[in-house]
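**Q** To be precise about what I am sending: the file is called query08.pdb and holds PDB, C-alpha atoms.
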ATOM      1  CA  MET A  12      19.602 -10.983  -0.541
ATOM      2  CA  PRO A  13      15.861 -10.497  -1.203
ATOM      3  CA  LEU A  14      13.380 -11.560   1.432
ATOM      4  CA  ARG A  15       9.936 -12.949   0.552
ATOM      5  CA  ARG A  16       7.224 -13.602   3.108
ATOM      6  CA  VAL A  17       3.578 -14.597   2.763
ATOM      7  CA  TYR A  18       1.127 -14.257   5.636
ATOM      8  CA  SER A  19      -2.398 -15.583   5.986
ATOM      9  CA  LEU A  20      -3.898 -13.963   9.064
ATOM     10  CA  ASP A  21      -7.270 -14.455  10.721
ATOM     11  CA  ASP A  22      -6.714 -11.922  13.526
ATOM     12  CA  PRO A  23      -6.617  -8.197  12.635
ATOM     13  CA  SER A  24      -4.245  -7.409  15.522
ATOM     14  CA  ALA A  25      -1.654  -9.763  13.975
ATOM     15  CA  CYS A  26      -1.267  -7.308  11.083
ATOM     16  CA  GLN A  27       0.723  -4.992  13.380
ATOM     17  CA  ALA A  28       3.667  -7.381  13.551
ATOM     18  CA  VAL A  29       4.213  -7.979   9.831
ATOM     19  CA  PHE A  30       5.127  -4.473   8.616
ATOM     20  CA  PRO A  31       8.744  -3.582   9.519
ATOM     21  CA  PHE A  32       8.657   0.021   8.250
ATOM     22  CA  GLY A  33       5.326   1.131   9.652
ATOM     23  CA  ASN A  34       2.999   0.929  12.592
ATOM     24  CA  VAL A  35      -0.315  -0.573  11.472
ATOM     25  CA  GLU A  36      -3.641  -0.836  13.280
ATOM     26  CA  LEU A  37      -6.557  -2.471  11.491
ATOM     27  CA  PHE A  38     -10.166  -2.615  12.693
ATOM     28  CA  PRO A  39     -12.868  -4.585  10.840
ATOM     29  CA  THR A  40     -16.170  -2.712  10.624
ATOM     30  CA  ALA A  41     -18.389  -5.758  10.047
ATOM     31  CA  LYS A  42     -18.826  -9.141  11.635
ATOM     32  CA  GLY A  43     -17.637 -12.174   9.762
ATOM     33  CA  ASN A  44     -14.614 -14.256   8.959
ATOM     34  CA  PHE A  45     -11.624 -11.881   8.883
ATOM     35  CA  GLN A  46      -8.879 -12.947   6.496
ATOM     36  CA  ALA A  47      -5.816 -10.936   5.473
ATOM     37  CA  GLU A  48      -3.395 -12.232   2.851
ATOM     38  CA  ILE A  49      -0.153 -10.247   2.802
ATOM     39  CA  THR A  50       2.767 -10.880   0.489
ATOM     40  CA  GLN A  51       5.982  -8.970   1.122
ATOM     41  CA  VAL A  52       9.209  -8.663  -0.785
ATOM     42  CA  GLY A  53      12.056  -6.843   0.896
ATOM     43  CA  MET A  54      15.320  -5.908  -0.714
ATOM     44  CA  LYS A  55      18.149  -3.784   0.547
ATOM     45  CA  ARG A  56      16.402  -0.456  -0.092
ATOM     46  CA  ILE A  57      12.837  -1.242  -1.128
ATOM     47  CA  TRP A  58       9.873  -3.072   0.422
ATOM     48  CA  MET A  59       6.747  -4.069  -1.451
ATOM     49  CA  ASN A  60       3.504  -5.306   0.079
ATOM     50  CA  ARG A  61       0.523  -6.863  -1.648
ATOM     51  CA  ILE A  62      -2.532  -6.965   0.593
ATOM     52  CA  HIS A  63      -5.979  -8.555   0.342
ATOM     53  CA  ILE A  64      -8.469  -8.061   3.184
ATOM     54  CA  SER A  65     -11.796  -9.890   3.265
ATOM     55  CA  LEU A  66     -13.919  -7.643   5.517
ATOM     56  CA  PRO A  67     -14.629  -3.914   5.408
ATOM     57  CA  GLU A  68     -12.184  -2.133   7.688
ATOM     58  CA  ILE A  69     -10.616   1.075   8.853
ATOM     59  CA  ASN A  70      -6.897   1.332   9.482
ATOM     60  CA  THR A  71      -4.159   3.671  10.516
ATOM     61  CA  VAL A  72      -0.633   3.390   9.208
ATOM     62  CA  ALA A  73       2.360   5.448  10.326
ATOM     63  CA  VAL A  74       5.375   5.048   8.043
ATOM     64  CA  LYS A  75       8.587   5.271  10.034
ATOM     65  CA  PRO A  76      10.682   8.465   9.650
ATOM     66  CA  GLY A  77      13.144   8.535   6.757
ATOM     67  CA  ARG A  78      10.866   6.456   4.539
ATOM     68  CA  ARG A  79       8.013   7.266   2.233
ATOM     69  CA  SER A  80       5.491   5.014   0.656
ATOM     70  CA  ILE A  81       3.141   4.926  -2.258
ATOM     71  CA  GLY A  82      -0.046   2.920  -2.322
ATOM     72  CA  PHE A  83      -2.535   1.905  -4.999
ATOM     73  CA  LEU A  84      -5.401  -0.439  -5.715
ATOM     74  CA  THR A  85      -3.987  -3.589  -7.299
ATOM     75  CA  GLU A  86      -7.215  -4.874  -8.869
ATOM     76  CA  CYS A  87      -9.754  -2.990 -10.978
ATOM     77  CA  ASN A  88     -12.545  -4.785  -9.119
ATOM     78  CA  SER A  89     -11.157  -4.019  -5.642
ATOM     79  CA  SER A  90     -13.554  -2.527  -3.144
ATOM     80  CA  SER A  91     -13.564   1.204  -2.679
ATOM     81  CA  LEU A  92     -10.941   3.046  -0.627
ATOM     82  CA  LEU A  93     -10.988   6.360   1.192
ATOM     83  CA  ASP A  94      -7.498   7.579   2.090
ATOM     84  CA  CYS A  95      -7.630  10.494   4.548
ATOM     85  CA  GLY A  96     -11.055  11.329   3.112
ATOM     86  CA  LEU A  97      -9.961  11.180  -0.544
ATOM     87  CA  GLU A  98     -11.549   8.610  -2.836
ATOM     88  CA  VAL A  99      -8.895   6.402  -4.427
ATOM     89  CA  ARG A 100      -9.822   4.893  -7.794
ATOM     90  CA  PRO A 101      -8.048   2.269  -9.900
ATOM     91  CA  GLY A 102      -5.103   4.016 -11.574
ATOM     92  CA  ASP A 103      -4.592   6.480  -8.710
ATOM     93  CA  MET A 104      -1.401   6.519  -6.659
ATOM     94  CA  VAL A 105      -1.404   7.673  -3.029
ATOM     95  CA  ILE A 106       1.857   9.304  -1.965
ATOM     96  CA  ASN A 107       2.378   9.270   1.790
ATOM     97  CA  ARG A 108       4.834  11.069   3.999
ATOM     98  CA  SER A 109       6.068   9.779   7.358
ATOM     99  CA  ASP A 110       2.893  10.602   9.204
ATOM    100  CA  VAL A 111      -0.321   8.832  10.082
ATOM    101  CA  VAL A 112      -2.572   7.660   7.262
ATOM    102  CA  HIS A 113      -6.235   6.880   7.890
ATOM    103  CA  GLN A 114      -7.968   4.585   5.412
ATOM    104  CA  ARG A 115     -11.388   2.989   5.057
ATOM    105  CA  SER A 116     -12.184   0.150   2.668
ATOM    106  CA  ASP A 117     -15.081  -2.128   1.882
ATOM    107  CA  ALA A 118     -14.951  -5.940   1.754
ATOM    108  CA  ASP A 119     -12.651  -7.686  -0.740
ATOM    109  CA  PHE A 120      -9.985  -4.973  -0.668
ATOM    110  CA  HIS A 121      -6.833  -5.354  -2.832
ATOM    111  CA  TYR A 122      -4.009  -2.885  -2.171
ATOM    112  CA  GLY A 123      -0.308  -2.590  -2.851
ATOM    113  CA  THR A 124       2.453  -0.495  -1.374
ATOM    114  CA  VAL A 125       6.045   0.329  -2.155
ATOM    115  CA  SER A 126       8.188   1.750   0.651
ATOM    116  CA  LEU A 127      11.572   3.369   0.060
ATOM    117  CA  ALA A 128      13.971   5.730   1.741
ATOM    118  CA  SER A 129      12.697   9.258   1.038
ATOM    119  CA  ASP A 130      15.525  10.082  -1.415
ATOM    120  CA  ASP A 131      15.075   6.799  -3.271
ATOM    121  CA  LEU A 132      11.331   7.372  -3.706
ATOM    122  CA  ALA A 133      11.946  10.809  -5.193
ATOM    123  CA  ALA A 134      14.270   9.274  -7.813
ATOM    124  CA  ALA A 135      11.835   6.416  -8.504
ATOM    125  CA  ALA A 136       8.937   8.842  -9.009
ATOM    126  CA  GLU A 137      10.941  10.674 -11.635
ATOM    127  CA  ALA A 138      11.497   7.388 -13.479
ATOM    128  CA  ILE A 139       7.928   6.026 -13.049
ATOM    129  CA  ILE A 140       5.689   9.071 -13.440
ATOM    130  CA  GLY A 141       8.093  11.371 -15.266
ATOM    131  CA  ARG A 142       8.226  14.090 -12.621
ATOM    132  CA  GLY A 143       9.148  14.678  -9.013
ATOM    133  CA  LEU A 144       6.742  14.068  -6.178
ATOM    134  CA  PRO A 145       4.533  16.872  -4.911
ATOM    135  CA  GLU A 146       6.138  18.638  -1.967
ATOM    136  CA  THR A 147       2.989  19.206   0.044
ATOM    137  CA  PRO A 148       2.812  18.631   3.789
ATOM    138  CA  HIS A 149      -0.139  16.265   3.364
ATOM    139  CA  LYS A 150      -0.932  13.195   1.344
ATOM    140  CA  SER A 151      -1.124  13.514  -2.390
ATOM    141  CA  LEU A 152      -3.213  11.641  -4.874
ATOM    142  CA  VAL A 153      -1.784  11.493  -8.384
ATOM    143  CA  ARG A 154      -2.856   9.749 -11.568
ATOM    144  CA  PRO A 155       0.239   8.662 -13.524
ATOM    145  CA  PRO A 156      -0.001   8.013 -17.269
ATOM    146  CA  PHE A 157      -1.844   4.750 -17.924
ATOM    147  CA  ALA A 158       1.198   2.968 -19.432
ATOM    148  CA  SER A 159       3.400   3.874 -16.438
ATOM    149  CA  MET A 160       0.806   2.723 -13.920
ATOM    150  CA  ARG A 161       0.248  -0.499 -15.884
ATOM    151  CA  ARG A 162       4.009  -1.251 -15.736
ATOM    152  CA  LEU A 163       4.031  -0.642 -11.972
ATOM    153  CA  LEU A 164       0.994  -2.908 -11.462
ATOM    154  CA  ASP A 165       2.532  -5.667 -13.602
ATOM    155  CA  LEU A 166       5.820  -5.475 -11.701
ATOM    156  CA  HIS A 167       4.027  -5.419  -8.368
ATOM    157  CA  LYS A 168       1.874  -8.405  -9.313
ATOM    158  CA  GLY A 169       5.087 -10.381  -9.919
ATOM    159  CA  ILE A 170       5.758 -10.423  -6.171
ATOM    160  CA  GLU A 171       2.858 -12.829  -5.700
ATOM    161  CA  GLN A 172       4.149 -15.280  -8.271
TER     162      GLN A 172
END
Any chance you could put this one into structure tokens?

**A**
Amino acid sequence: MPLRRVYSLDDPSACQAVFPFGNVELFPTAKGNFQAEITQVGMKRIWMNRIHISLPEINTVAVKPGRRSIGFLTECNSSSLLDCGLEVRPGDMVINRSDVVHQRSDADFHYGTVSLASDDLAAAAEAIIGRGLPETPHKSLVRPPFASMRRLLDLHKGIEQ
């Protein structure tokens, strides 16, 4: 049975407790009213997160072993994102392994993730981007065809509704 949860958090340390398949630490880099809106949908084999963070921040995320995740900006007007030093633009997809990810974003950040068992993500990548995932030891940044990325964004946006 699918699980749907929506969080509205005003304490960055509370973000650690809401992600079941990763260890998350988030640190705002500016003073102000911190607000994180997180929508999650969990099914038997897949978890999706839709995240909006009000303040600029840096974070570290460690996906638990046996799982992989992809991440992407969910809004064209989202603030900028650096993922392990790589600039992520709208339309890019970040493919993470089960290691630590370091990210930096500006204020008004909109991000989405999909987390699957490693084997399931490989099969999904074939269906979504038309090829297997890169087998590099580090993070990969790919730019799927526009129509494929648009379908993923539309599907992902449905979790908020």

**Q** Would you compute the distance between CA of Ala138 in chain A and CA of Cys87 in chain A? Give it in Å to one decimal.

**A**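 CA of Cys87 in chain A lies at a distance of 23.8 Å from CA of Ala138 in chain A.
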
**Q** Show me as a list in words the residues that reach within 8 Å of (-11.2, -3.0, 10.5), counting all atoms listed in the file and using the file's own coordinates.

**A**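 Here is the list of nearby residues: Pro23, Leu37, Phe38, Pro39, Thr40, Ala41, Leu66, Pro67, Glu68, Ile69 and Asn70 of chain A.
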
**Q** Which residue is closest to Leu20 in chain A? Choose from A:Val52, A:Ile139, A:Ile62, A:Leu152 and count all atoms listed in the file.

**A**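 Using all atoms listed in the file, Leu20 in chain A sits closest to A:Ile62.
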
**Q** What does the distance from CA of Lys75 in chain A to CA of Trp58 in chain A come to in Å, to one decimal?

**A**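 Interatomic distance, CA of Lys75 in chain A to CA of Trp58 in chain A: 12.8 Å.
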
**Q** Taking 6 positions as the minimum chain separation for residues in the same chain, which residues sit within 12 Å of Leu132 in chain A when counting only C-alpha atoms? Answer as a PyMOL selection string.

**A** chain A and resi 56-58+77-81+106-108+125-126+138-140+142-145

**Q** Can you list what the PyMOL selection byres ((chain A and resi 157-159) around 8) grabs from this structure, as a ChimeraX atom specification?

**A** /A:102,139-140,155-156,160-163

**Q** Would you work out the distance separating CA of Ser129 in chain A from CA of Thr50 in chain A, expressed in Å to one decimal?

**A**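 Interatomic distance, CA of Ser129 in chain A to CA of Thr50 in chain A: 22.5 Å.
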